[in-house]
Amino acid sequence: MNQLETFATIDTFIFDVDGVLTNSQVLVTEDGNLLRHMSIRDGYAIKLAVNKGYNVCIITGGRSEGVKKRLEGLGVKDIYIGISDKMSVFEEYIETNELDTDHVLYMGDDMPDYLVMTKVGLPTCPANAAPELFSIAKYVSPKDGGEGCARDVIEKVLKLNGDWVIE
C-alpha cells in the first residue's frame with residue numbers, strides 16, 4: 001500500500017498538543033499562566049473532520065484549560081490532558097471505541113509520543129519534531145508544529161475521501 005492509500009484508510013486522528021497543535025513555545029505571564037500559539041487553519045480542519053464523522057482525540061501531557069476549551073469549541077470530545085503515560089490512554093481509547101489501529105493517524109513531536117506512534121497505521125510528525133521520530137514516522141509534514149501540520153494531514157485524508165468540501 002502506498003502512502004496516499006494509507007491516508008485514504010484513516011478514520012481516526014490522534015494529536016499531541018504542545019509541538020503539534022502549538023508551536024512548542026510558551027509565553028509565561030507574570031501571574032504564571034502559560035500562553036500558547038495555535039493555528040486557526042489547524043482548527044478549521046479539526047472542526048471539519050469532527051463534523052464529517054471522523055474520530056478526533058487529543059492526548060497531551062500539558063494541562064492547559066485554555067487549550068482544552070479551544071478544542072472543545074471545535075467539537076473535540078475526547079481530550080485527555082495532563083497525561084504522563086500516553087500509551088495506556090491510547091490503548092483505552094482504542095479499546096473503548098473498538099477502533100482498528102491500522103486506520104489511526106497519530107501525530108506527535110517528541111519522545112513521549114514515540115511508543116504510541118509505533119502502534120498506529122499512520123505515524124506522523126511535524127517538520128520540527130525530535131529527530132528520533134523521523135525514523136518511525138511514515139509521513140513528516142512539511143509544516144512545523146502550530147503552523148498547519150495538523151491541517152496538512154487532515155486535509156489529505158478528507159480530500160482522498162471526498163470530505164474536503166466548502167460548508
# chains A, B, ... in the order shown; residues from 1 in each chain; ligands from 1
>>> residues_around(residues="Thr22 (chain A)", least_positions_apart="6", cutoff="6 Å", atoms="only C-alpha atoms", output="number ranges by chain")
A: 37-38, 145-146
>>> closest_residue(among="A:Leu34, A:Leu160, A:Val76, A:Leu133", to="Asp113 (chain A)", atoms="only C-alpha atoms")
A:Leu133
>>> closest_residue(among="A:Gln25, A:Met107, A:Thr118, A:Thr12", to="Ile94 (chain A)", atoms="only C-alpha atoms")
A:Thr12
>>> select_by_dssp(residues="region 4-166 of chain A", states="helix (DSSP H, G or I)", output="number ranges by chain")
A: 4-8, 40-51, 65-73, 86-96, 101-103, 111-117, 131-134, 149-160
>>> atom_distance(atom1="CA of Gly61 (chain A)", atom2="CA of Lys86 (chain A)")
8.0 Å
>>> residues_around(residues="region 43-45 of chain A", least_positions_apart="5", cutoff="12 Å", atoms="only C-alpha atoms", output="PyMOL selection string")
chain A and resi 13+21-22+37-38+50-52+54+56+67+70-76+146-159+163-167
>>> closest_residue(among="A:Ile58, A:Glu65, A:Val20, A:Leu48", to="Asp78 (chain A)", atoms="only C-alpha atoms")
A:Ile58
>>> residues_around(residues="Asp85 (chain A)", least_positions_apart="6", cutoff="12 Å", atoms="only C-alpha atoms", output="PDB file with N, CA and C atoms, in the first residue's frame")
ATOM      1  N   ILE A  59      -4.319  13.649  23.110  1.00  0.00           N
ATOM      2  CA  ILE A  59      -3.628  13.090  24.277  1.00  0.00           C
ATOM      3  C   ILE A  59      -2.392  13.951  24.512  1.00  0.00           C
ATOM      4  N   THR A  60      -2.371  14.667  25.637  1.00  0.00           N
ATOM      5  CA  THR A  60      -1.284  15.608  25.895  1.00  0.00           C
ATOM      6  C   THR A  60      -0.825  15.564  27.344  1.00  0.00           C
ATOM      7  N   GLY A  61       0.434  15.796  27.516  1.00  0.00           N
ATOM      8  CA  GLY A  61       0.983  15.913  28.858  1.00  0.00           C
ATOM      9  C   GLY A  61       0.694  17.271  29.462  1.00  0.00           C
ATOM     10  N   GLU A  91      -4.369   3.025  24.457  1.00  0.00           N
ATOM     11  CA  GLU A  91      -4.928   1.668  24.434  1.00  0.00           C
ATOM     12  C   GLU A  91      -6.376   1.654  24.918  1.00  0.00           C
ATOM     13  N   GLU A  92      -6.664   2.424  25.960  1.00  0.00           N
ATOM     14  CA  GLU A  92      -8.039   2.507  26.479  1.00  0.00           C
ATOM     15  C   GLU A  92      -8.968   3.145  25.442  1.00  0.00           C
ATOM     16  N   MET A 111       9.621  12.656  22.299  1.00  0.00           N
ATOM     17  CA  MET A 111       9.811  11.306  22.817  1.00  0.00           C
ATOM     18  C   MET A 111       8.593  10.715  23.545  1.00  0.00           C
ATOM     19  N   PRO A 112       7.784  11.480  24.270  1.00  0.00           N
ATOM     20  CA  PRO A 112       6.591  10.878  24.893  1.00  0.00           C
ATOM     21  C   PRO A 112       5.596  10.297  23.882  1.00  0.00           C
ATOM     22  N   ASP A 113       5.728  10.658  22.608  1.00  0.00           N
ATOM     23  CA  ASP A 113       4.837  10.174  21.555  1.00  0.00           C
ATOM     24  C   ASP A 113       5.374   8.920  20.860  1.00  0.00           C
ATOM     25  N   TYR A 114       6.620   8.609  21.072  1.00  0.00           N
ATOM     26  CA  TYR A 114       7.313   7.565  20.315  1.00  0.00           C
ATOM     27  C   TYR A 114       6.586   6.220  20.362  1.00  0.00           C
ATOM     28  N   LEU A 115       6.298   5.707  21.547  1.00  0.00           N
ATOM     29  CA  LEU A 115       5.690   4.372  21.656  1.00  0.00           C
ATOM     30  C   LEU A 115       4.322   4.305  20.988  1.00  0.00           C
ATOM     31  N   VAL A 116       3.502   5.320  21.200  1.00  0.00           N
ATOM     32  CA  VAL A 116       2.175   5.315  20.578  1.00  0.00           C
ATOM     33  C   VAL A 116       2.323   5.317  19.058  1.00  0.00           C
TER      34      VAL A 116
END
>>> residues_around(residues="Ser64 (chain A)", least_positions_apart="5", cutoff="9 Å", atoms="only C-alpha atoms", output="NGL selection string")
:A and (34-36 or 69 or 81-82)
>>> write_last_selection(atoms="C-alpha atoms", output="CSV table (one decimal), in the first residue's frame")
chain,number,residue,atom,x,y,z
A,34,LEU,CA,1.3,29.7,30.1
A,35,LEU,CA,0.1,31.1,26.8
A,36,ARG,CA,0.3,29.0,23.6
A,69,LYS,CA,-11.7,25.0,25.8
A,81,ILE,CA,-4.8,16.4,29.4
A,82,GLY,CA,-2.1,16.0,32.0
>>> closest_residue(among="A:Asp42, A:Ile136, A:Thr6, A:Asn33", to="Gly108 (chain A)", atoms="only C-alpha atoms")
A:Ile136
>>> closest_residue(among="A:Gly66, A:Gly162, A:Pro142, A:Gly53", to="Ala127 (chain A)", atoms="only C-alpha atoms")
A:Pro142
>>> atom_distance(atom1="CA of Pro126 (chain A)", atom2="CA of Leu27 (chain A)")
20.9 Å
>>> residues_around(residues="Leu105 (chain A)", least_positions_apart="5", cutoff="9 Å", atoms="only C-alpha atoms", output="MDAnalysis selection string")
chainID A and resid 7 10:15 117 120:124 153
>>> decode(residues="region 53-92 of chain A", atoms="C-alpha atoms", output="compact mmCIF listing (two decimals), in the first residue's frame")
# COMPACT_ATOMS: atom_id res chain seq x y z
CA GLY A 53 -17.72 11.99 11.45
CA TYR A 54 -14.03 11.23 11.89
CA ASN A 55 -12.79 10.37 15.37
CA VAL A 56 -10.55 13.11 16.76
CA CYS A 57 -8.71 12.55 20.02
CA ILE A 58 -6.18 14.64 21.92
CA ILE A 59 -3.63 13.09 24.28
CA THR A 60 -1.28 15.61 25.89
CA GLY A 61 0.98 15.91 28.86
CA GLY A 62 0.07 19.60 29.10
CA ARG A 63 -2.58 20.87 31.47
CA SER A 64 -3.85 23.99 29.71
CA GLU A 65 -7.52 24.68 30.33
CA GLY A 66 -7.39 27.29 27.56
CA VAL A 67 -6.27 24.68 25.04
CA LYS A 68 -8.97 22.31 26.30
CA LYS A 69 -11.65 24.98 25.85
CA ARG A 70 -10.39 25.79 22.35
CA LEU A 71 -10.56 22.12 21.33
CA GLU A 72 -13.99 21.65 22.90
CA GLY A 73 -15.12 24.68 20.89
CA LEU A 74 -14.02 22.84 17.74
CA GLY A 75 -16.21 19.88 18.70
CA VAL A 76 -13.49 17.56 20.02
CA LYS A 77 -14.95 15.37 22.75
CA ASP A 78 -12.05 13.04 23.52
CA ILE A 79 -9.49 15.30 25.20
CA TYR A 80 -7.02 13.82 27.66
CA ILE A 81 -4.84 16.43 29.39
CA GLY A 82 -2.07 16.03 31.95
CA ILE A 83 -1.25 12.54 30.68
CA SER A 84 2.19 11.17 31.54
CA ASP A 85 1.52 7.65 30.20
CA LYS A 86 0.14 8.22 26.71
CA MET A 87 0.23 4.52 25.83
CA SER A 88 -2.30 3.50 28.49
CA VAL A 89 -4.72 6.27 27.45
CA PHE A 90 -4.22 5.36 23.79
CA GLU A 91 -4.93 1.67 24.43
CA GLU A 92 -8.04 2.51 26.48
